[in-house]
>>> print(open('entry.txt').read())   # compact mmCIF, C-alpha atoms
# COMPACT_ATOMS: atom_id res chain seq x y z
CA MET A 176 0.00 0.00 0.00
CA ARG A 177 2.76 2.41 0.95
CA LEU A 178 4.69 1.57 -2.24
CA VAL A 179 1.63 2.28 -4.40
CA ARG A 180 1.18 5.65 -2.69
CA ALA A 181 4.87 6.51 -3.18
CA GLU A 182 4.68 5.57 -6.85
CA GLY A 183 1.60 7.75 -7.29
CA TYR A 184 3.42 10.66 -5.69
CA ALA A 185 6.50 10.11 -7.87
CA GLU A 186 4.38 10.14 -11.02
CA PHE A 187 2.58 13.30 -9.92
CA ALA A 188 5.82 15.06 -8.98
CA ALA A 189 7.47 14.15 -12.28
CA ALA A 190 4.46 15.37 -14.26
CA ARG A 191 3.90 18.66 -12.38
CA SER A 192 7.39 19.77 -11.32
CA GLY A 193 8.08 21.59 -14.59
CA HIS A 194 4.87 23.58 -14.38
CA LEU A 195 5.47 24.35 -10.70
CA TYR A 196 8.99 25.52 -11.54
CA ARG A 197 7.77 27.87 -14.29
CA SER A 198 5.19 29.35 -11.93
CA ALA A 199 7.80 29.71 -9.19
CA CYS A 200 10.13 31.51 -11.62
CA LEU A 201 7.39 34.02 -12.34
CA LEU A 202 6.56 34.44 -8.66
CA THR A 203 10.22 35.07 -7.84
CA ALA A 204 10.65 37.36 -10.86
CA GLY A 205 13.30 35.18 -12.44
CA ASP A 206 15.26 34.06 -9.37
CA THR A 207 15.81 30.49 -10.54
CA HIS A 208 17.58 29.38 -7.38
CA LEU A 209 14.76 30.54 -5.14
CA ALA A 210 12.25 29.02 -7.58
CA GLU A 211 13.98 25.65 -7.26
CA ASP A 212 13.90 25.94 -3.47
CA LEU A 213 10.20 26.81 -3.49
CA VAL A 214 9.35 23.85 -5.75
CA GLN A 215 11.40 21.51 -3.58
CA GLU A 216 9.69 22.74 -0.42
CA THR A 217 6.28 22.46 -2.09
CA LEU A 218 6.93 18.89 -3.23
CA GLY A 219 8.20 18.02 0.24
CA ARG A 220 5.04 19.33 1.85
CA LEU A 221 2.93 17.44 -0.68
CA TYR A 222 4.80 14.21 0.02
CA VAL A 223 4.01 14.42 3.73
CA ARG A 224 0.30 14.85 2.99
CA TRP A 225 0.12 12.78 -0.20
CA GLY A 226 -2.33 10.22 1.20
CA ARG A 227 -4.92 12.94 1.70
CA VAL A 228 -3.91 15.09 -1.29
CA SER A 229 -4.17 12.20 -3.74
CA ARG A 230 -7.84 11.82 -2.85
CA VAL A 231 -8.55 15.50 -3.56
CA GLY A 232 -10.31 16.18 -6.83
CA ASN A 233 -7.53 18.48 -8.09
CA PRO A 234 -4.08 17.69 -6.66
CA ALA A 235 -2.43 19.98 -9.24
CA GLY A 236 -4.45 22.94 -7.96
CA TYR A 237 -3.59 21.96 -4.41
CA ALA A 238 0.11 21.90 -5.34
CA GLN A 239 -0.17 25.34 -6.93
CA THR A 240 -1.83 26.68 -3.78
CA VAL A 241 0.95 25.22 -1.61
CA LEU A 242 3.54 26.82 -3.92
CA THR A 243 1.89 30.23 -3.70
CA ARG A 244 1.55 30.10 0.07
CA THR A 245 5.15 28.91 0.42
CA PHE A 246 6.28 31.87 -1.72
CA LEU A 247 4.26 34.37 0.31
CA ALA A 248 5.56 32.93 3.59
CA HIS A 249 9.11 33.19 2.27
CA ARG A 250 8.58 36.84 1.34
CA ARG A 251 7.43 37.61 4.88
CA ARG A 252 10.72 36.38 6.33
CA ARG A 253 13.23 39.11 6.97
CA SER A 254 16.08 37.15 5.36
CA SER A 255 14.15 36.83 2.09
CA THR A 256 15.02 40.40 1.14
CA GLU A 257 18.77 39.74 1.15
CA TRP A 258 20.37 39.40 -2.28
CA ALA A 259 23.93 38.28 -2.92
CA THR A 260 24.16 40.14 -6.22
CA ASP A 261 22.09 42.34 -8.46
CA ALA A 262 23.05 40.46 -11.65
CA LEU A 263 20.71 37.91 -13.17
CA PRO A 264 22.00 34.33 -13.02
CA ASP A 265 23.21 32.65 -16.17
CA VAL A 266 20.36 30.86 -17.87
CA PRO A 267 20.51 28.54 -20.87
CA TYR A 268 19.39 29.95 -24.19
CA ALA A 269 15.76 29.38 -25.00
CA PRO A 270 14.15 30.40 -28.27
CA GLY A 271 12.03 33.49 -27.94
CA ASP A 272 12.52 37.16 -27.28
CA THR A 273 14.99 37.38 -24.42
CA SER A 274 14.81 41.15 -24.07
CA LEU A 275 11.04 41.05 -23.70
CA ARG A 276 11.27 38.24 -21.15
CA LEU A 277 13.89 40.11 -19.10
CA THR A 278 11.88 43.33 -19.24
CA LEU A 279 8.77 41.54 -18.02
CA LEU A 280 10.68 39.76 -15.25
CA GLN A 281 12.20 43.04 -14.11
CA ALA A 282 8.77 44.66 -14.05
CA LEU A 283 7.36 41.71 -12.08
CA ALA A 284 10.27 42.00 -9.63
CA ARG A 285 9.28 45.60 -8.89
CA LEU A 286 5.80 44.56 -7.79
CA PRO A 287 5.13 43.70 -4.15
CA ALA A 288 5.04 39.94 -3.49
CA LYS A 289 1.26 39.69 -3.12
CA ASP A 290 0.64 41.72 -6.27
CA ARG A 291 3.09 39.51 -8.15
CA ALA A 292 1.30 36.41 -6.84
CA VAL A 293 -2.06 37.78 -8.01
CA VAL A 294 -0.72 38.50 -11.50
CA VAL A 295 0.86 35.06 -11.82
CA LEU A 296 -2.19 33.19 -10.54
CA ARG A 297 -4.78 35.19 -12.47
CA TYR A 298 -3.00 35.69 -15.78
CA TRP A 299 -0.32 32.99 -16.00
CA GLU A 300 -2.22 30.20 -14.27
CA ASP A 301 -5.54 31.52 -15.69
CA ARG A 302 -7.35 31.07 -12.39
CA THR A 303 -10.62 32.69 -11.45
CA VAL A 304 -10.83 35.41 -8.83
CA GLU A 305 -12.26 32.91 -6.34
CA GLU A 306 -9.55 30.32 -6.98
CA THR A 307 -6.88 33.00 -6.61
CA ALA A 308 -8.46 34.23 -3.39
CA ASP A 309 -8.50 30.70 -2.02
CA ALA A 310 -4.86 30.12 -2.97
CA MET A 311 -3.78 33.37 -1.34
CA ASN A 312 -6.05 33.00 1.68
CA ALA A 313 -7.68 36.35 0.88
CA SER A 314 -11.11 37.66 -0.05
CA SER A 315 -12.31 37.96 -3.64
CA ALA A 316 -12.56 41.73 -3.25
CA ALA A 317 -8.93 41.89 -2.12
CA VAL A 318 -7.86 39.88 -5.18
CA ARG A 319 -9.79 42.14 -7.55
CA THR A 320 -8.29 45.23 -5.91
CA ARG A 321 -4.77 43.77 -6.11
CA CYS A 322 -5.31 42.87 -9.78
CA VAL A 323 -6.29 46.42 -10.67
CA ARG A 324 -3.37 47.92 -8.74
CA ALA A 325 -0.82 45.40 -10.02
CA LEU A 326 -1.86 45.81 -13.66
CA GLY A 327 -1.83 49.59 -13.26
CA ARG A 328 1.69 49.43 -11.82
CA LEU A 329 2.82 47.15 -14.67
CA ARG A 330 1.40 49.62 -17.19
CA GLU A 331 3.36 52.40 -15.48
CA LEU A 332 6.54 50.35 -15.63
CA LEU A 333 6.11 48.98 -19.14
CA GLY A 334 4.03 51.63 -20.84
CA GLU A 335 0.75 51.03 -22.63
CA ASP A 336 2.38 49.47 -25.70
CA LEU A 337 4.51 46.40 -25.20
CA GLY A 338 5.45 46.38 -28.88
CA GLU A 339 8.52 48.50 -28.19
CA TYR A 340 9.96 45.70 -26.05
CA ALA A 341 9.33 43.05 -28.69
CA ARG A 342 11.55 44.66 -31.32
CA PRO A 343 15.12 43.30 -31.66
>>> encode(input="entry.txt", output="structure tokens")
Amino acid sequence: MRLVRAEGYAEFAAARSGHLYRSACLLTAGDTHLAEDLVQETLGRLYVRWGRVSRVGNPAGYAQTVLTRTFLAHRRRRSSTEWATDALPDVPYAPGDTSLRLTLLQALARLPAKDRAVVVLRYWEDRTVEETADAMNASSAAVRTRCVRALGRLRELLGEDLGEYARP
């Protein structure tokens, strides 16, 4: 029985870890090392509760909620604001517009942690207001307010037209 449960967890972790990592990268505004730590902590917490989580109708949503709450808890810690360097880490080349990606990550990094979490959950994860509120342990009205403020701040940082960032 225990082996079957462990195999189920291993399959789930292998299938969802990439998606969790991409979401964590957005939440951390491109800090890949912190994103890896958040995913590892999330998967560790899921493993401890896997017997109950596996019976939930949507374990992927549960994992995303754990990731978001782990990120927000990390941001509340005093030591989370310490940075060793202001340079972005080396990342492997991926096809796409690197300058646009870096500009967006820099703009996300300038948002407060909760605003960044709202943007990632609502527009990257494509969650509803209610699902986002549940994941952040907040009210729907607070999520809507944060969405408006975060998008307004992003427009200030990026301008109304993102086309200028997409040019080589």
>>> atom_distance(input="entry.txt", atom1="CA of Leu218 in chain A", atom2="CA of Arg276 in chain A")
26.7 Å
>>> closest_atom_pairs(input="entry.txt", of="range 182-207 of chain A", to="range 226-243 of chain A", cutoff="10 Å", atoms="only C-alpha atoms", output="JSON lines")
{"residue": "A:Gly183", "atom": "CA", "partner": "A:Ser229", "partner_atom": "CA", "distance": 8.1}
{"residue": "A:Tyr184", "atom": "CA", "partner": "A:Ser229", "partner_atom": "CA", "distance": 8.0}
{"residue": "A:Phe187", "atom": "CA", "partner": "A:Ala235", "partner_atom": "CA", "distance": 8.4}
{"residue": "A:Ala188", "atom": "CA", "partner": "A:Ala235", "partner_atom": "CA", "distance": 9.6}
{"residue": "A:Ala190", "atom": "CA", "partner": "A:Ala235", "partner_atom": "CA", "distance": 9.7}
{"residue": "A:Arg191", "atom": "CA", "partner": "A:Ala235", "partner_atom": "CA", "distance": 7.2}
{"residue": "A:Ser192", "atom": "CA", "partner": "A:Ala238", "partner_atom": "CA", "distance": 9.7}
{"residue": "A:His194", "atom": "CA", "partner": "A:Gln239", "partner_atom": "CA", "distance": 9.2}
{"residue": "A:Leu195", "atom": "CA", "partner": "A:Gln239", "partner_atom": "CA", "distance": 6.9}
{"residue": "A:Tyr196", "atom": "CA", "partner": "A:Leu242", "partner_atom": "CA", "distance": 9.5}
{"residue": "A:Ser198", "atom": "CA", "partner": "A:Gln239", "partner_atom": "CA", "distance": 8.4}
{"residue": "A:Ala199", "atom": "CA", "partner": "A:Leu242", "partner_atom": "CA", "distance": 7.4}
{"residue": "A:Leu202", "atom": "CA", "partner": "A:Thr243", "partner_atom": "CA", "distance": 8.0}
>>> write_last_selection(input="entry.txt", atoms="C-alpha atoms", output="PDB file, keeping the file's coordinate frame")
ATOM      1  CA  GLY A 183       1.600   7.750  -7.290  1.00  0.00           C
ATOM      2  CA  TYR A 184       3.420  10.660  -5.690  1.00  0.00           C
ATOM      3  CA  PHE A 187       2.580  13.300  -9.920  1.00  0.00           C
ATOM      4  CA  ALA A 188       5.820  15.060  -8.980  1.00  0.00           C
ATOM      5  CA  ALA A 190       4.460  15.370 -14.260  1.00  0.00           C
ATOM      6  CA  ARG A 191       3.900  18.660 -12.380  1.00  0.00           C
ATOM      7  CA  SER A 192       7.390  19.770 -11.320  1.00  0.00           C
ATOM      8  CA  HIS A 194       4.870  23.580 -14.380  1.00  0.00           C
ATOM      9  CA  LEU A 195       5.470  24.350 -10.700  1.00  0.00           C
ATOM     10  CA  TYR A 196       8.990  25.520 -11.540  1.00  0.00           C
ATOM     11  CA  SER A 198       5.190  29.350 -11.930  1.00  0.00           C
ATOM     12  CA  ALA A 199       7.800  29.710  -9.190  1.00  0.00           C
ATOM     13  CA  LEU A 202       6.560  34.440  -8.660  1.00  0.00           C
TER      14      LEU A 202
END
>>> residues_around(input="entry.txt", residues="range 315-322 of chain A", least_positions_apart="4", cutoff="9 Å", atoms="only C-alpha atoms", output="ChimeraX atom specification")
/A:289-290,293-294,297,304-309,311,326-327
>>> write_last_selection(input="entry.txt", atoms="C-alpha atoms", output="PDB file, keeping the file's coordinate frame")
ATOM      1  CA  LYS A 289       1.260  39.690  -3.120  1.00  0.00           C
ATOM      2  CA  ASP A 290       0.640  41.720  -6.270  1.00  0.00           C
ATOM      3  CA  VAL A 293      -2.060  37.780  -8.010  1.00  0.00           C
ATOM      4  CA  VAL A 294      -0.720  38.500 -11.500  1.00  0.00           C
ATOM      5  CA  ARG A 297      -4.780  35.190 -12.470  1.00  0.00           C
ATOM      6  CA  VAL A 304     -10.830  35.410  -8.830  1.00  0.00           C
ATOM      7  CA  GLU A 305     -12.260  32.910  -6.340  1.00  0.00           C
ATOM      8  CA  GLU A 306      -9.550  30.320  -6.980  1.00  0.00           C
ATOM      9  CA  THR A 307      -6.880  33.000  -6.610  1.00  0.00           C
ATOM     10  CA  ALA A 308      -8.460  34.230  -3.390  1.00  0.00           C
ATOM     11  CA  ASP A 309      -8.500  30.700  -2.020  1.00  0.00           C
ATOM     12  CA  MET A 311      -3.780  33.370  -1.340  1.00  0.00           C
ATOM     13  CA  LEU A 326      -1.860  45.810 -13.660  1.00  0.00           C
ATOM     14  CA  GLY A 327      -1.830  49.590 -13.260  1.00  0.00           C
TER      15      GLY A 327
END
>>> closest_residue(input="entry.txt", among="A:Arg220, A:Thr245, A:Thr207, A:Leu333", to="Leu279 in chain A", atoms="all atoms listed in the file")
A:Leu333
>>> atom_distance(input="entry.txt", atom1="CA of Ser274 in chain A", atom2="CA of Leu296 in chain A")
23.1 Å
>>> atom_distance(input="entry.txt", atom1="CA of Ala282 in chain A", atom2="CA of Gln215 in chain A")
25.5 Å
>>> closest_residue(input="entry.txt", among="A:Glu186, A:Gly205, A:Pro287, A:Leu275", to="Leu247 in chain A", atoms="all atoms listed in the file")
A:Pro287
>>> closest_residue(input="entry.txt", among="A:Ala248, A:Ala292, A:Ala313, A:Ala325", to="Thr217 in chain A", atoms="all atoms listed in the file")
A:Ala248
>>> closest_residue(input="entry.txt", among="A:Ala310, A:Ala181, A:Leu209, A:Leu286", to="Arg197 in chain A", atoms="all atoms listed in the file")
A:Leu209
